[in-house]
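All remarks here apply to the structure that follows.
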Number of protein chains: 2
Amino acid sequence: MNRRAGRRVVFLACIAVAVGPGRLRAAEPLPSWNDGEARQSILRFVESVTREGSPAIVPPAERIAVFDNDGTLWAEQPVYFQLVYALDQVKALAPKHPEWKTQPPFSDLLKGNAKAVLASGEAGLAKILAVSHVGMTTDAFAASVAEWTRTARHPRFQRPYTDLTYVPMRELLDHLRANGFKTFIVSGGGVEFMRVFAERVYGIPPEQVVGSNGALELKTGPDGKPVLMKLAKIELVDDRAGKPVGIQRFIGRRPIFAFGNSDGDKEMLEWTAAGDGPRFMGLVHHTDAEREWAYDRTSHVGKLDKAWDEAVARKWTVVDMKKDWKRVFADP
Amino acid sequence: MNRRAGRRVVFLACIAVAVGPGRLRAAEPLPSWNDGEARQSILRFVESVTREGSPAIVPPAERIAVFDNDGTLWAEQPVYFQLVYALDQVKALAPKHPEWKTQPPFSDLLKGNAKAVLASGEAGLAKILAVSHVGMTTDAFAASVAEWTRTARHPRFQRPYTDLTYVPMRELLDHLRANGFKTFIVSGGGVEFMRVFAERVYGIPPEQVVGSNGALELKTGPDGKPVLMKLAKIELVDDRAGKPVGIQRFIGRRPIFAFGNSDGDKEMLEWTAAGDGPRFMGLVHHTDAEREWAYDRTSHVGKLDKAWDEAVARKWTVVDMKKDWKRVFADP
């Protein structure tokens with residue numbers, strides 16, 4: 001072998017070490033998780049239901065994993081991000097609606113009186129949703145949400161809201177899919193809202209997003225083509241008891257893996273736990289005021305109280321964000 | 001080489017020819033279709049949206065194909081099979097309901113007076129559906145449908161109803177999936193009914209079945225575990241204008257490929273056609289009284305009238321069952 005050929009062999013050997021399949025296979029899963037009980041419980045479960053010859057192996061078609069979105073896959077403070085979208089829409093529409101200057105909750109909102117807006121309760125919120133989420137085509141709504149995700153910035157982090165997804169949870173989604181799982185969102189958020197970005201930020205396609213949804217009506221658009229109008233009638237509130245309903249209606253198969261972060265996920269976790277065979281139930285506990293937020297039993301958003309007690313009693317996995325995650329968000 | 005080794009080489013060569021990848025790749029798609037315009041239009045479309053370098057190539061995530069079920073994937077004569085299931089349930093439940101002997105439509109049904117049952121119209125049908133599809137858990141309903149598909153026999157063919165799926169359409173589903181399509185049912189049939197057998201007979205998993213659906217309610221079962229009860233309230237009639245609504249609600253992405261057989265599929269085909277880029281719209285025309293049935297403009301089931309005119313005008317593919325299909329059902 002001459003010197004040049006020798007160098008070539010060394011070069012190729014280095015490439016083989018760097019990118020060879022053996023090396024890729026050996027990459028550690030969940031690299032942003034500290035190696036505590038939470039990470040280990042996930043790895044143990046996935047291994048037990050997927051390894052050839054495992055007594056608990058589950059056929060790929062039944063490897064259904066469901067994730068809450070707000071507070072589980074992305075942040076939800078100081079208020080649910082979809083509510084911020086709604087408030088931003090009201091502000092943008094205000095010049096066309098001079099009457100809002102004297103009509104609560106719009107008048108309070110436009111004056112920046114957040115306390116009064118919140119005090120208007122469900123009736124007030126319904127009015128805000130009605131003008132920001134209803135009376136337009138599904139295409140127009142999706143375009144508006146896409147524009148908002150590009151332009152709006154979170155007040156604390158000054159980053160797009162879709163930047164505030166949790167890196168460790170995205171790694172978990174990847175790890176499950178690499179092991180033949182089908183990953184679904186099952187969230188109280190609006191389905192038409194989440195579908196706009198779920199594929200880009202989570203790798204979850206629109207048909208695997210389950211959420212709250214309103215009625216749609218087929219109409220003929222100005223160009224003679226059919227359009228779907230978003231109506232005010234709410235058809236599913238995909239929260240609490242609505243989550244098992246949403247799972248059955250949209251997925252039709254009981255998950256074997258479920259992750260949430262609040263009392264709104266309790267019924268979804270119980271529904272998952274009640275099936276036969278191996279099951280994984282997990283909760284994200286927000287314990288990290290420095291990198292994210294710390295809140296649980298008394299929070300006005302993402303309250304975690306009864307579901308936490310149940311998780312402890314039934315030995316479900318509870319992720320301590322501060323202790324279990326090496327990082328929370330991707331670097332800007 | 002001795003004789004024994006020689007025989008072994010010939011044997012291995014034969015296996016290589018029979019099952020080698022080259023041979024498998026060369027297998028002709030849609031073998032139960034005669035090679036007419038219908039088959040060619042399907043092959044041309046699939047090739048154009050999947051071949052590397054094709055100007056019309058569509059990313060795999062957007063290769064959504066939707067199929068009506070009754071009359072498109074399986075037979076629907078003399079009446080929709082799900083209605084037969086409902087009537088069979090009423091007969092089985094009758095001993096526990098002596099009052100039905102004098103209450104139409106139950107009394108007519110039990111006397112075998114089909115004409116009077118049909119004359120009872122939607123109100124009568126709602127009563128039959130209420131006792132056969134409602135007031136039980138989703139698990140109990142699924143078990144009942146599974147048992148019925150095992151035991152009930154079609155009056156003309158004396159075979160299980162799930163035997164009466166169309167072999168050419170199952171080949172089409174396979175061909176689409178082999179080319180990276182995700183195949184969905186979008187049918188007026190009940191979603192909880194179809195999901196019981198869709199995976200076994202069509203290879204379509206529960207989460208890719210869209211159908212009419214009623215409300216569900218989370219309850220606690222006798223063993224303390226959660227159950228979902230089927231309620232009488234109908235939430236989606238997935239037929240006509242309901243089909244684009246069902247597609248948006250459950251899939252959230254516009255199909256590029258749609259197949260139906262009746263006026264109930266017209267809006268689904270129009271919704272598919274109205275998208276940008278390459279589109280395929282197809283109709284099964286029932287022209288084969290000998291092997292299946294012949295019916296169209298005046299049929300009480302699966303009426304094909306306006307959708308046919310539109311298909312001809314817009315050059316959609318119309319399958320002539322008698323001419324285009326080498327066989328209809330699999331051999332018993």
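Residue numbers start at 1 in each chain; chains themselves are named A, B, ... in the order of the structure tokens; ligands are numbered from 1 in the order shown.
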Distance table requested - chain A against chain B, cut-off 9 Å, only C-alpha atoms: one row per qualifying residue with the closest atom pair and its distance in Å to one decimal, ordered by chain and rising residue number, as a Markdown table.
```
| residue | atom | partner | partner_atom | distance |
| --- | --- | --- | --- | --- |
| A:Ala61 | CA | B:Pro205 | CA | 7.6 |
| A:Thr138 | CA | B:Gln248 | CA | 8.6 |
| A:Val191 | CA | B:Arg249 | CA | 8.2 |
| A:Glu192 | CA | B:Gly252 | CA | 7.8 |
| A:Arg195 | CA | B:Gly252 | CA | 7.5 |
| A:Pro205 | CA | B:Ala61 | CA | 7.7 |
| A:Pro206 | CA | B:Gly252 | CA | 5.3 |
| A:Glu207 | CA | B:Ile251 | CA | 4.2 |
| A:Gln208 | CA | B:Ile251 | CA | 7.7 |
| A:Val209 | CA | B:Gly252 | CA | 8.6 |
| A:Val210 | CA | B:Phe250 | CA | 8.2 |
| A:Asn213 | CA | B:Arg249 | CA | 7.9 |
| A:Ala215 | CA | B:Val245 | CA | 8.5 |
| A:Leu216 | CA | B:Val245 | CA | 6.1 |
| A:Glu217 | CA | B:Val245 | CA | 6.8 |
| A:Leu218 | CA | B:Ala241 | CA | 6.1 |
| A:Lys219 | CA | B:Ala241 | CA | 8.9 |
| A:Lys225 | CA | B:Ala274 | CA | 6.2 |
| A:Pro226 | CA | B:Trp271 | CA | 6.3 |
| A:Val227 | CA | B:Trp271 | CA | 8.1 |
| A:Leu228 | CA | B:Val245 | CA | 7.2 |
| A:Glu235 | CA | B:Glu235 | CA | 7.8 |
| A:Ala241 | CA | B:Leu218 | CA | 6.1 |
| A:Gly242 | CA | B:Leu218 | CA | 7.8 |
| A:Pro244 | CA | B:Leu218 | CA | 7.2 |
| A:Val245 | CA | B:Leu216 | CA | 6.1 |
| A:Gln248 | CA | B:Leu228 | CA | 8.4 |
| A:Arg249 | CA | B:Asn213 | CA | 7.9 |
| A:Phe250 | CA | B:Glu207 | CA | 6.2 |
| A:Ile251 | CA | B:Glu207 | CA | 4.2 |
| A:Gly252 | CA | B:Pro206 | CA | 5.3 |
| A:Arg253 | CA | B:Pro206 | CA | 6.7 |
| A:Glu267 | CA | B:Pro226 | CA | 8.4 |
| A:Glu270 | CA | B:Pro226 | CA | 7.4 |
| A:Trp271 | CA | B:Pro226 | CA | 6.3 |
| A:Ala274 | CA | B:Lys225 | CA | 6.2 |
```
Give me the residues of region 47-96 of chain A that have any atom at most 8 Å from an atom of region 297-312 of chain A; for each, the nearest atom pair and the distance in Å, rounded to one decimal. Use only C-alpha atoms, sort by chain and number, and format it as JSON lines.
```
{"residue": "A:Asp70", "atom": "CA", "partner": "A:Gly302", "partner_atom": "CA", "distance": 7.9}
{"residue": "A:Gly71", "atom": "CA", "partner": "A:Gly302", "partner_atom": "CA", "distance": 6.8}
{"residue": "A:Glu76", "atom": "CA", "partner": "A:Val301", "partner_atom": "CA", "distance": 7.3}
{"residue": "A:Gln77", "atom": "CA", "partner": "A:Val301", "partner_atom": "CA", "distance": 7.2}
{"residue": "A:Pro78", "atom": "CA", "partner": "A:Val301", "partner_atom": "CA", "distance": 7.8}
{"residue": "A:Val79", "atom": "CA", "partner": "A:Val301", "partner_atom": "CA", "distance": 6.6}
{"residue": "A:Tyr80", "atom": "CA", "partner": "A:Val301", "partner_atom": "CA", "distance": 7.4}
```
Region 152-159 of chain A surroundings by only C-alpha atoms, 12 Å radius, close-in-sequence under 3 positions cut, as a PyMOL selection string: chain A and resi 75-82+84-89+144-149+162-165+290-293+329-332
Exercise: region 111-115 of chain A partners within 9 Å, only C-alpha atoms, chain neighbours under 5 positions left out, as a PDB file with N, CA, C and O atoms, in the first residue's frame:
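The file below, out.pdb, is the result:
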```pdb
ATOM      1  N   LYS A 101     -65.116  49.460  21.885  1.00  0.00           N
ATOM      2  CA  LYS A 101     -64.562  50.394  22.874  1.00  0.00           C
ATOM      3  C   LYS A 101     -65.408  50.479  24.134  1.00  0.00           C
ATOM      4  O   LYS A 101     -64.916  50.852  25.203  1.00  0.00           O
ATOM      5  N   PHE A 106     -64.316  43.212  25.472  1.00  0.00           N
ATOM      6  CA  PHE A 106     -63.416  43.809  24.478  1.00  0.00           C
ATOM      7  C   PHE A 106     -62.830  45.129  24.979  1.00  0.00           C
ATOM      8  O   PHE A 106     -61.643  45.407  24.812  1.00  0.00           O
ATOM      9  N   SER A 120     -64.373  38.308  33.509  1.00  0.00           N
ATOM     10  CA  SER A 120     -65.577  38.133  32.677  1.00  0.00           C
ATOM     11  C   SER A 120     -65.922  36.652  32.513  1.00  0.00           C
ATOM     12  O   SER A 120     -66.998  36.300  32.021  1.00  0.00           O
TER      13      SER A 120
END
```
DSSP on the backbone, then: every residue of region 174-247 of chain B marked alpha helix (DSSP H), written as a PyMOL selection string. chain B and resi 174-178+191-202+242-247
Export, as a tab-separated table (two decimals), in the first residue's frame, the selected residues with N, CA, C and O atoms.
```tsv
chain	number	residue	atom	x	y	z
B	174	ASP	N	-53.85	-1.61	-1.34
B	174	ASP	CA	-52.47	-2.11	-1.19
B	174	ASP	C	-51.51	-1.33	-2.09
B	174	ASP	O	-50.40	-0.97	-1.67
B	175	HIS	N	-51.93	-1.08	-3.33
B	175	HIS	CA	-51.07	-0.38	-4.28
B	175	HIS	C	-50.77	1.04	-3.79
B	175	HIS	O	-49.63	1.52	-3.87
B	176	LEU	N	-51.79	1.71	-3.26
B	176	LEU	CA	-51.58	3.07	-2.74
B	176	LEU	C	-50.63	3.04	-1.55
B	176	LEU	O	-49.68	3.83	-1.47
B	177	ARG	N	-50.85	2.11	-0.61
B	177	ARG	CA	-49.98	2.05	0.58
B	177	ARG	C	-48.55	1.70	0.19
B	177	ARG	O	-47.60	2.22	0.77
B	178	ALA	N	-48.39	0.82	-0.81
B	178	ALA	CA	-47.04	0.46	-1.26
B	178	ALA	C	-46.34	1.67	-1.87
B	178	ALA	O	-45.12	1.69	-1.98
B	191	VAL	N	-68.83	4.78	12.76
B	191	VAL	CA	-67.39	4.59	12.94
B	191	VAL	C	-67.09	3.41	13.86
B	191	VAL	O	-66.19	2.61	13.61
B	192	GLU	N	-67.89	3.25	14.92
B	192	GLU	CA	-67.64	2.16	15.88
B	192	GLU	C	-67.97	0.80	15.24
B	192	GLU	O	-67.46	-0.23	15.67
B	193	PHE	N	-68.85	0.80	14.25
B	193	PHE	CA	-69.20	-0.43	13.53
B	193	PHE	C	-68.06	-0.83	12.60
B	193	PHE	O	-67.57	-1.96	12.64
B	194	MET	N	-67.58	0.09	11.79
B	194	MET	CA	-66.57	-0.24	10.77
B	194	MET	C	-65.22	-0.59	11.37
B	194	MET	O	-64.48	-1.41	10.83
B	195	ARG	N	-64.89	0.09	12.49
B	195	ARG	CA	-63.57	-0.14	13.08
B	195	ARG	C	-63.35	-1.59	13.51
B	195	ARG	O	-62.21	-2.04	13.64
B	196	VAL	N	-64.45	-2.28	13.76
B	196	VAL	CA	-64.33	-3.66	14.26
B	196	VAL	C	-63.65	-4.56	13.22
B	196	VAL	O	-62.91	-5.47	13.58
B	197	PHE	N	-63.89	-4.29	11.93
B	197	PHE	CA	-63.35	-5.20	10.91
B	197	PHE	C	-62.44	-4.51	9.89
B	197	PHE	O	-61.80	-5.18	9.07
B	198	ALA	N	-62.32	-3.20	9.93
B	198	ALA	CA	-61.59	-2.48	8.87
B	198	ALA	C	-60.12	-2.88	8.81
B	198	ALA	O	-59.53	-2.97	7.74
B	199	GLU	N	-59.51	-3.12	9.97
B	199	GLU	CA	-58.09	-3.47	9.97
B	199	GLU	C	-57.90	-4.87	9.38
B	199	GLU	O	-57.01	-5.10	8.57
B	200	ARG	N	-58.77	-5.80	9.77
B	200	ARG	CA	-58.65	-7.17	9.29
B	200	ARG	C	-58.93	-7.27	7.79
B	200	ARG	O	-58.17	-7.92	7.06
B	201	VAL	N	-59.98	-6.62	7.30
B	201	VAL	CA	-60.35	-6.86	5.90
B	201	VAL	C	-59.73	-5.86	4.93
B	201	VAL	O	-59.54	-6.18	3.76
B	202	TYR	N	-59.41	-4.66	5.38
B	202	TYR	CA	-58.85	-3.64	4.47
B	202	TYR	C	-57.42	-3.23	4.82
B	202	TYR	O	-56.81	-2.44	4.09
B	242	GLY	N	-71.57	16.23	4.89
B	242	GLY	CA	-70.87	15.79	6.10
B	242	GLY	C	-69.52	15.17	5.81
B	242	GLY	O	-68.68	15.07	6.71
B	243	LYS	N	-69.27	14.75	4.57
B	243	LYS	CA	-67.99	14.08	4.29
B	243	LYS	C	-66.80	15.05	4.31
B	243	LYS	O	-65.80	14.74	4.95
B	244	PRO	N	-66.88	16.20	3.63
B	244	PRO	CA	-65.77	17.15	3.80
B	244	PRO	C	-65.59	17.57	5.26
B	244	PRO	O	-64.46	17.76	5.73
B	245	VAL	N	-66.71	17.71	6.00
B	245	VAL	CA	-66.61	18.05	7.43
B	245	VAL	C	-65.86	16.94	8.17
B	245	VAL	O	-64.94	17.20	8.95
B	246	GLY	N	-66.23	15.69	7.91
B	246	GLY	CA	-65.55	14.56	8.56
B	246	GLY	C	-64.07	14.50	8.19
B	246	GLY	O	-63.23	14.22	9.04
B	247	ILE	N	-63.77	14.78	6.93
B	247	ILE	CA	-62.37	14.77	6.48
B	247	ILE	C	-61.57	15.82	7.23
B	247	ILE	O	-60.48	15.56	7.74
```
In terms of only C-alpha atoms, the residue from B:Glu99, B:Asp68, B:Asn34, B:Ala92 at minimal distance from Gly264 (chain B) is B:Asp68
For CA of Met136 (chain A) and CA of Ile185 (chain B), quote the distance in Å rounded to one decimal.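 CA of Ile185 (chain B) lies 27.4 Å from CA of Met136 (chain A).
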Strand (DSSP E or B) per DSSP on the backbone: members of region 64-179 of chain A, as a list in words: Ile64, Ala65, Val66, Phe67, Asp70, Trp74, Thr137 and Thr165 of chain A
Write the residues of the preceding selection, restricted to N, CA and C atoms, as a tab-separated table (two decimals), in the first residue's frame.
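Contents of again_6.tsv, as written:
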```
chain	number	residue	atom	x	y	z
A	64	ILE	N	-49.85	2.89	20.69
A	64	ILE	CA	-50.45	4.22	20.59
A	64	ILE	C	-50.01	5.03	21.81
A	65	ALA	N	-49.40	6.19	21.55
A	65	ALA	CA	-48.94	7.07	22.63
A	65	ALA	C	-49.65	8.42	22.50
A	66	VAL	N	-50.19	8.93	23.60
A	66	VAL	CA	-50.93	10.20	23.57
A	66	VAL	C	-50.28	11.20	24.51
A	67	PHE	N	-50.23	12.44	24.07
A	67	PHE	CA	-49.61	13.53	24.82
A	67	PHE	C	-50.54	14.72	24.90
A	70	ASP	N	-50.50	21.63	26.09
A	70	ASP	CA	-50.17	22.78	26.96
A	70	ASP	C	-49.59	22.31	28.29
A	74	TRP	N	-45.34	21.86	25.31
A	74	TRP	CA	-44.84	23.24	25.28
A	74	TRP	C	-45.36	23.98	26.51
A	137	THR	N	-63.23	30.72	7.12
A	137	THR	CA	-62.98	29.37	6.61
A	137	THR	C	-61.82	28.73	7.39
A	165	THR	N	-41.24	24.82	23.00
A	165	THR	CA	-41.54	23.40	23.17
A	165	THR	C	-40.39	22.78	23.97
```
Can you work out which one of B:Gly135, B:Asp320, B:Val167, B:Phe181 has the shortest atom-to-atom distance to Lys233 (chain B), counting only C-alpha atoms? B:Gly135
Expressed in Å to a single decimal, how great is the separation between CA of Tyr295 (chain B) and CA of Lys323 (chain B)? 14.9 Å
Distance query Lys127 (chain A) at most 12 Å, only C-alpha atoms, self and fewer than 4 positions along chain excluded, as a PDB file with C-alpha atoms, in the first residue's frame:
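Below is the file part.pdb, written as the result:
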```pdb
ATOM      1  CA  ALA A  86     -57.183  35.167  20.554  1.00  0.00           C
ATOM      2  CA  LEU A  87     -56.324  38.393  22.395  1.00  0.00           C
ATOM      3  CA  VAL A  90     -59.101  41.024  18.974  1.00  0.00           C
ATOM      4  CA  TRP A 100     -65.843  47.231  21.155  1.00  0.00           C
ATOM      5  CA  GLN A 103     -68.386  46.532  25.172  1.00  0.00           C
ATOM      6  CA  PRO A 104     -66.778  44.320  27.808  1.00  0.00           C
ATOM      7  CA  PRO A 105     -64.783  42.143  27.664  1.00  0.00           C
ATOM      8  CA  PHE A 106     -63.416  43.809  24.478  1.00  0.00           C
ATOM      9  CA  LEU A 109     -58.999  43.915  26.786  1.00  0.00           C
ATOM     10  CA  VAL A 117     -61.013  40.267  31.117  1.00  0.00           C
ATOM     11  CA  SER A 120     -65.577  38.133  32.677  1.00  0.00           C
ATOM     12  CA  GLY A 121     -65.305  34.336  33.018  1.00  0.00           C
ATOM     13  CA  GLU A 122     -66.469  31.755  30.523  1.00  0.00           C
ATOM     14  CA  ALA A 123     -69.086  34.046  28.995  1.00  0.00           C
ATOM     15  CA  VAL A 131     -64.628  36.806  17.130  1.00  0.00           C
ATOM     16  CA  SER A 132     -61.167  35.204  16.863  1.00  0.00           C
ATOM     17  CA  HIS A 133     -61.976  31.568  16.015  1.00  0.00           C
ATOM     18  CA  VAL A 134     -65.353  31.603  14.266  1.00  0.00           C
ATOM     19  CA  ALA A 232     -69.644  28.960  17.012  1.00  0.00           C
TER      20      ALA A 232
END
```
Quote the spacing between CA of Leu73 (chain B) and CA of Ala313 (chain B) in Å to one decimal place.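 These two atoms are separated by 24.2 Å.
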So which one's closest to Gly180 (chain A), A:Pro60, A:Val319, A:Ser48, A:Leu43? Using only C-alpha atoms, please. A:Pro60
